[in-house]
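A short write-up of the structure that comes next.
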Amino acid sequence: MSKLWTSKVSPQLPEPVKAVDRVPLPPKNADVFTTACDYCTIACGYKVYRWPVGQDGGAKAAQNAMGVGFPHQQMNTAAWASPAQHTIVSHKGKPHHVIVVPDKDAKVVNVGGNSSIRGGTLAQKCFNPETRTRERLQHPMIRVNGKLERVSWDLATDVMADISRYVCRTYGEHSWAIKMYSYQYFENTYAITKLGMATIGTPAIAPHDKCSNTNDAAGLDDAGLDSFGASYQDWGDCEVAFMSGVDPYETKTTLFTTWMMPGDKKMIFVTPHKTMGVAWAVSQGRGMWLPIIPGTDSVLHNAMARIIIENGWQDQEFIDKYVANSWEVDSGYGRGTRNTGWQWRTTWGTWQSDWEDYKKFVLGAEESKLENAAKITGLDPADIMKAAEWVAKPVNGKRPKASFMLEKGNYWTNNYMNTTSFASLGLICGAGNRPGQVISRGGGHQRGMMGAGGGSGWLNPEKYPGRRKKSFNLDNWVMQGKVKFAWVFGTTWIAGMMASQGLATKMLDQTRGNPNQITSLDRAAIFEVLKKRVDSGGMVLVDSDIYPVEPLNTDIADIVLPAATWGEDDLTRCNSERRLRLYSKFYDAPGEAKPDWWAVQQFAKKMGFDKDGSYYWKDSNDIFEEAARFGRGGVLNYQPLVVEAKKRGMRGHELLRTYGTEGIQTPIRVRNGKLVGTVRLHDPNNDWGEIEGTEVQIKSLYAFNTHSGKAILLKSPWKFSGWIQYYDAIKPRPEKGEIWVTNGRVNETWQSAFDDLRKAHLMQRWPWPPIFINPADAKPKGIESGDLVKIHNDTVYMQVGQPVGVKDADLNFNNLMKDGHIETTEGFFTAVAIVSDEMRPGVAMASFNFPGAPANTVVSAVPDPVTNNYRYKLGRGTLTKVGESPFKHNFTAMSLKPRNIV
Amino acid sequence: MTQNIQIHDRTQDEEGGHLCMSRRQFLLSGGAVVSLAAMPGLAQAAAIKAGYARKKIGKLSALKAGEPVAFNYPFADVRNILVKVGAPAGGGIGPEKDVVAFNQQCTHMGGPLEGTYKAKYQALGPCPLHLTTFDLTRHGMVISGHATESLPQIVLEVQGDDIYATGVMGLIYGYAANTGRA
C-alpha cells in the first residue's frame, strides 16, 4: 500500500443551480408535522407540510395549509417557502410534495420562525432521486475483490456476527471496537451503547469528535459547572457576553440573530478570525475583537482576572457564598469517589484553589502581568484592560451582568487550562448560576447521547501516574494494531481526527493492505478469510452511514450498511438548552436503509443477545421508553414524561409530539402533578424542597456540581509542563516559513458537508473549502483570492505508544518523545484562498473536515495529558500556491468576497 | 494513490464564447440545450419562460459605477436595483459586462436591502434583519448568512443605449410564483 493515503476528490465546478421562480403550496388538508433542525446545537423548530403530488393548494390564504396569501410583503416571519425549502419525497411508496419551513409559530429557540441557511435548506436533505441525494447508501454491501457488492441485511449481519464471535472469544472484547456519533438521537445512541458497553462490554468506544470518551470542556466540569447549564434566554438577558473561541453568528446562528443581536448588549469575541458577528458588533459600537494567538487564552483569562482583582471589581458577595473554601475543595475534590480522573488532576497541587490561594496565584504569576500577557497573547494591552472593564467594572455602583460562552477555539487548543482559567474568570465575575449570568458552552452538535451504562473503562491499559484510571484512546489502540473488528456509526472517523493521513494509512494497511480479502459471497468462505485477516494482524471494518464517506467506506470498510436518518423515523434528542423534542418521521427511507438502532438489533439477534428478552424493540418509541430509565440521574432526564405518558395510556413519543416545536427542557420535573422543564442549572431557585412523582433530585439543578455544592476556582500556570512542552513543539517555525493553520466551520457548511454537497445552493456557495489568509501572509507567496493553496506540515506528531504513567512527567510531551511513544509524520491538504484582513496576520483558518481537504492533517495527534483530548485547532504549515482554482474567474460558484462586509 | 487536482476553467466558454447572442435570446431560445454545458448557473433556461414583460428600466449612459438606481419589475411593487458594479459580473451587460440588476428583498426573511450596496465589494447587504450579504458579481450568491436562495437576478438586455428587464431568475421573496399571479 502507499505510504500515505490521499484523497481522490478535487475542486471542480459544481452542477448548475436551478433558478426556480415558483414553489408549490400545500393544500388546506396537507399533513403537518413538527420537527427540529438536524444540524447545529441550537435546533430551531421546523414544520413539515406533506401532500400528494397533483393536489397543490392555492395562493389565497384560505386555499393553503400555511394560511398565508401569496404574494405578500410580511417581513421577518417564516410565512414564505423558498424553492430550496421544497422537494418531492416518497411516502408509503407514493410521491409527495414536502415543504420544510421554520415554524412561524415558534415560541422558543427560533421565535417567529428565524432560521439558518443550513436548517433553511433541510428539504434538500431529503432523498429525492432528482437531486444529488440519489447518492444515498441504499443497500447493505460487502467488499468483494475490492468492490462493494450489494448483499442482504441477513448476510451482512451474519458475517458480522461470525467474525465478532471469533474476535471476542480469541482476542477479548477490548479488540471489538465502536466509533460512534454522540448526537444522532437517543434511540440510536442508546441501542449502540447498549450493544457495545452493556452487552459486549468493550472499553474500545469513542465518540465522533474525540479519540476517547472524555469531557470536552473538562475545566468547567472540575469547577462544578455543567457545560450546558444556560438557556438561550440567559444569552439574551446578559449585558455583556464574553465569547471565547466562538462567533455564534457563524456556528449558532439563531442564538445570535434571535437572542443576542437585539438590544444594546456588549460583546467581546476572542478569536483570530473577525467573522460577521464580530465585525457587525464592532461596527455597532457594541463589540470588541480580541484576535488572540491560538492556544494562549489562559493567559488572557488570568490577565483579566488580575486586573479585576487589583481593582477590586470581583463579585465578592458571590465568591463568599458560592465558591468553595479549602476544606470544601478537599472534600473528595468535590467529585465523589477518589478513583476518578479528577482526582488525578488534584494530586499534584497544580490546579485546585480557594479564593485566597487563587488570588495569590493570579497576582503572583509572571504571565498574568499585563505587558507579559499582551506579549504572549499577541493582544493590545489596552484591549485586555478594556475587556476586563466590560465584564467586571461596576458602572454607577452596579455590576454589569456578564455571561461567559466558550467553544472550540477555546477548549480545542489548550484543553484543560483554557477551560479552568475561563471558569475561574467567570466565577469571580459572579457568573454561573443565575439569569443572564451564566458560564456555558455554546455547543456544537445537539445532545443526543443516551448511554446505556455498563462501561468497561477498567480494561483500559493506559493509566495515569499512580495507576489511576484514564479514558480509552481508540485511535491509539488502532495505531497499535489492537483493534480486530470495528463498527463505525455515522462518523468521518479518519478526517475528523488529528494527524489523519497517518491514521488513514494505518487503517488502510490493516484492512485492504492485508492479503486476506473477501473473494466470494459465501458466508463460510467469508468467515475463513476474515479469520485469517485478524489472525495475521489485520482488522475488519463495518461502516454504517447515509452517504459514501471518503476514505472510510469508499476505500476501507469491508461491510457498508445503509442508515436511515432525520425525517425517516421518529427520533428524539435535546438541544444545547436541554430542550427535548420529537423529530417526526414524514417520509420513506430510501431503498433498504434502516435506522442504526435497527441494524444493532439485527446484529444482536444474530449474536444471540436477545435470548433474555433484550433488544425486543418494535419501533423507536420502545427504545425511547426503555432508555428513559438510564438517563434518570442526568441533566437529560425525561423519565417523568414517559411515566406520565403511561399514566395517560399514551406512548412516550406521542406525548412528546403534543409539545411540538416547544418541547420541554430537561431535566423534567414534576410539580402539582404537572411536568415542568428546567430553564437553568445550578440555580438556587430550583431547590423546591420535597420532590414529587418520579422526579430525580440531582444536585446540579440547584447547586454547583461538586461534592460541597460550591464552585471551585482553578489555577492555570502557563508554564505547566504538560502544556508548554507541547506548545513549544507544535508552534509554527519561523525558519520554515510556517504560520498557524487553525480550523473551524463557516456558517454555510455543516460539519463534513455530507448534506451540503447534495444541496445545490450550498454546493454552489462552497464547492471546495476555503482557507482564509491575511494579505500579509498571502502576498509574499503570490497568493490571491481564488488560488489553490497547498498547506503542508512536515512534522506532525502522533502518539502511538500506550504508556502507563509512573512518574509525574511521564505523559508530558518531552518524555513521550524521549521514550519513543511519538511518531513523526506529515500532512497536507489543498484549499482555495480567500485573502482578507478578517484574519489575524500569522494565522490562517481552514475548514476542519471537508471531504478531500481535511485541515486536521496538519495538526498533531498527541492528546492533552491531563484530559486525554486532542488540541484540534493548533495546526501549522507552509502555504504554497498551486495554481488558480476553477473558481477564481468564474461567475457561478464560490464567492471569494470577504465574509464580514458590514 | 496521488492527489489529482483537475482544473476545469469554464470561464472562457461562459463569458467569451457566446457574446454574439443576447442574454435574452440565450435564455429564451431553444438553444438552451447548447447552453447547458457552457453556462452553469444560468443553465436552467426552462425556468425563464415567456410571461415576463419586457420593460425599459434605464440607459447605459446614465449609469455611474457604484451608484445603484432603483426600479420596479416585474410588478409595480417589486423593488430592484440596477447597478454598474465596475467589474465583470455574471449576467452583466454593457461593454464591460458589469451592469446587473437584482431584487431588493432578502431571500431569508424579506428584509429590505435598500441602501446597503457596498461598491468596494460589489455586494448587497448586510440585510438589517440578520446580516446576510450577497455577491452581485456571482448571480447574487450568498456571501455570508442565511438566505436559502441567491438574490433574484433581473435578466437584462441592451438595445442601443436602452436597458430592458426581460425576466427574473429566482423566486422573489413573498411570492409563490413570480408570474401568473392573481
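Residue numbering restarts at 1 in every chain; chains get A, B, ... in the order shown in the C-alpha cells, and ligands count up from 1 in that same order.
Residues in contact with stretch 103-105 of chain B at 6 Å, where only C-alpha atoms are counted and same-chain residues fewer than 2 positions away are skipped, are listed as Arg79, Asn80, Gly110, Gly111, Pro112, Leu113 and Pro152 of chain B.
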Based on DSSP run over this structure's backbone, return all residues of stretch 53-180 of chain B in helix (DSSP H, G or I), as a VMD selection string. chain B and resid 60 to 62 119 to 121
Just how far from atom CA of A:Thr202 is atom CA of A:Ser614, in Å to one decimal? 18.0 Å
I want to know what sits within 9 Å of B:Lys59, based on only C-alpha atoms, with residues of the same chain fewer than 2 positions away left out; could you give that as a list of chain:residue names?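 Skipping anything fewer than 2 positions along the chain leaves B:Lys56, B:Ile57, B:Ser61, B:Ala62, B:Leu63, B:Val158, B:Gly160, B:Asp161, B:Asp162, B:Ile163, B:Tyr164.
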Give me a file of those residues, with N, CA and C atoms, as a compact mmCIF listing (two decimals), in the first residue's frame.
# COMPACT_ATOMS: atom_id res chain seq x y z
N LYS B 56 -38.47 48.73 -20.27
CA LYS B 56 -37.29 49.60 -20.29
C LYS B 56 -37.06 50.15 -18.89
N ILE B 57 -35.85 50.01 -18.38
CA ILE B 57 -35.62 50.44 -16.99
C ILE B 57 -34.51 51.47 -16.85
N SER B 61 -25.83 54.99 -20.57
CA SER B 61 -25.05 56.23 -20.46
C SER B 61 -25.36 56.98 -19.16
N ALA B 62 -26.49 56.66 -18.55
CA ALA B 62 -26.88 57.38 -17.33
C ALA B 62 -26.30 56.73 -16.08
N LEU B 63 -25.74 55.53 -16.21
CA LEU B 63 -25.26 54.81 -15.03
C LEU B 63 -23.87 55.24 -14.63
N VAL B 158 -29.77 44.79 -23.71
CA VAL B 158 -29.44 46.14 -24.16
C VAL B 158 -29.90 46.32 -25.60
N GLY B 160 -29.23 49.41 -28.13
CA GLY B 160 -28.62 50.73 -28.21
C GLY B 160 -28.14 51.15 -26.85
N ASP B 161 -28.67 52.24 -26.36
CA ASP B 161 -28.30 52.73 -25.03
C ASP B 161 -29.31 52.30 -23.98
N ASP B 162 -30.42 51.74 -24.46
CA ASP B 162 -31.51 51.41 -23.54
C ASP B 162 -31.33 50.05 -22.88
N ILE B 163 -31.69 50.03 -21.59
CA ILE B 163 -31.61 48.77 -20.84
C ILE B 163 -33.03 48.28 -20.60
N TYR B 164 -33.26 47.00 -20.91
CA TYR B 164 -34.57 46.40 -20.70
C TYR B 164 -34.47 45.25 -19.69
Using only C-alpha atoms, the shortest atom-to-atom distance to chain B among A:Gln510, A:Asn110, A:Thr275, A:Asn815 belongs to A:Thr275
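Every protein or nucleic acid residue with an atom no more than 7 Å from stretch 90-103 of chain A, counting only C-alpha atoms and leaving out same-chain residues fewer than 5 positions away, appears here: Gly45, Tyr46, Lys47, Val48, Tyr49, Arg50, Trp51, Pro52, Val53, Ala78, Ala81, Gln85, Gly112, Gly113, Asn114, Ser115, Gly120, Leu122, Ala123, Tyr587 and Asp588 of chain A.
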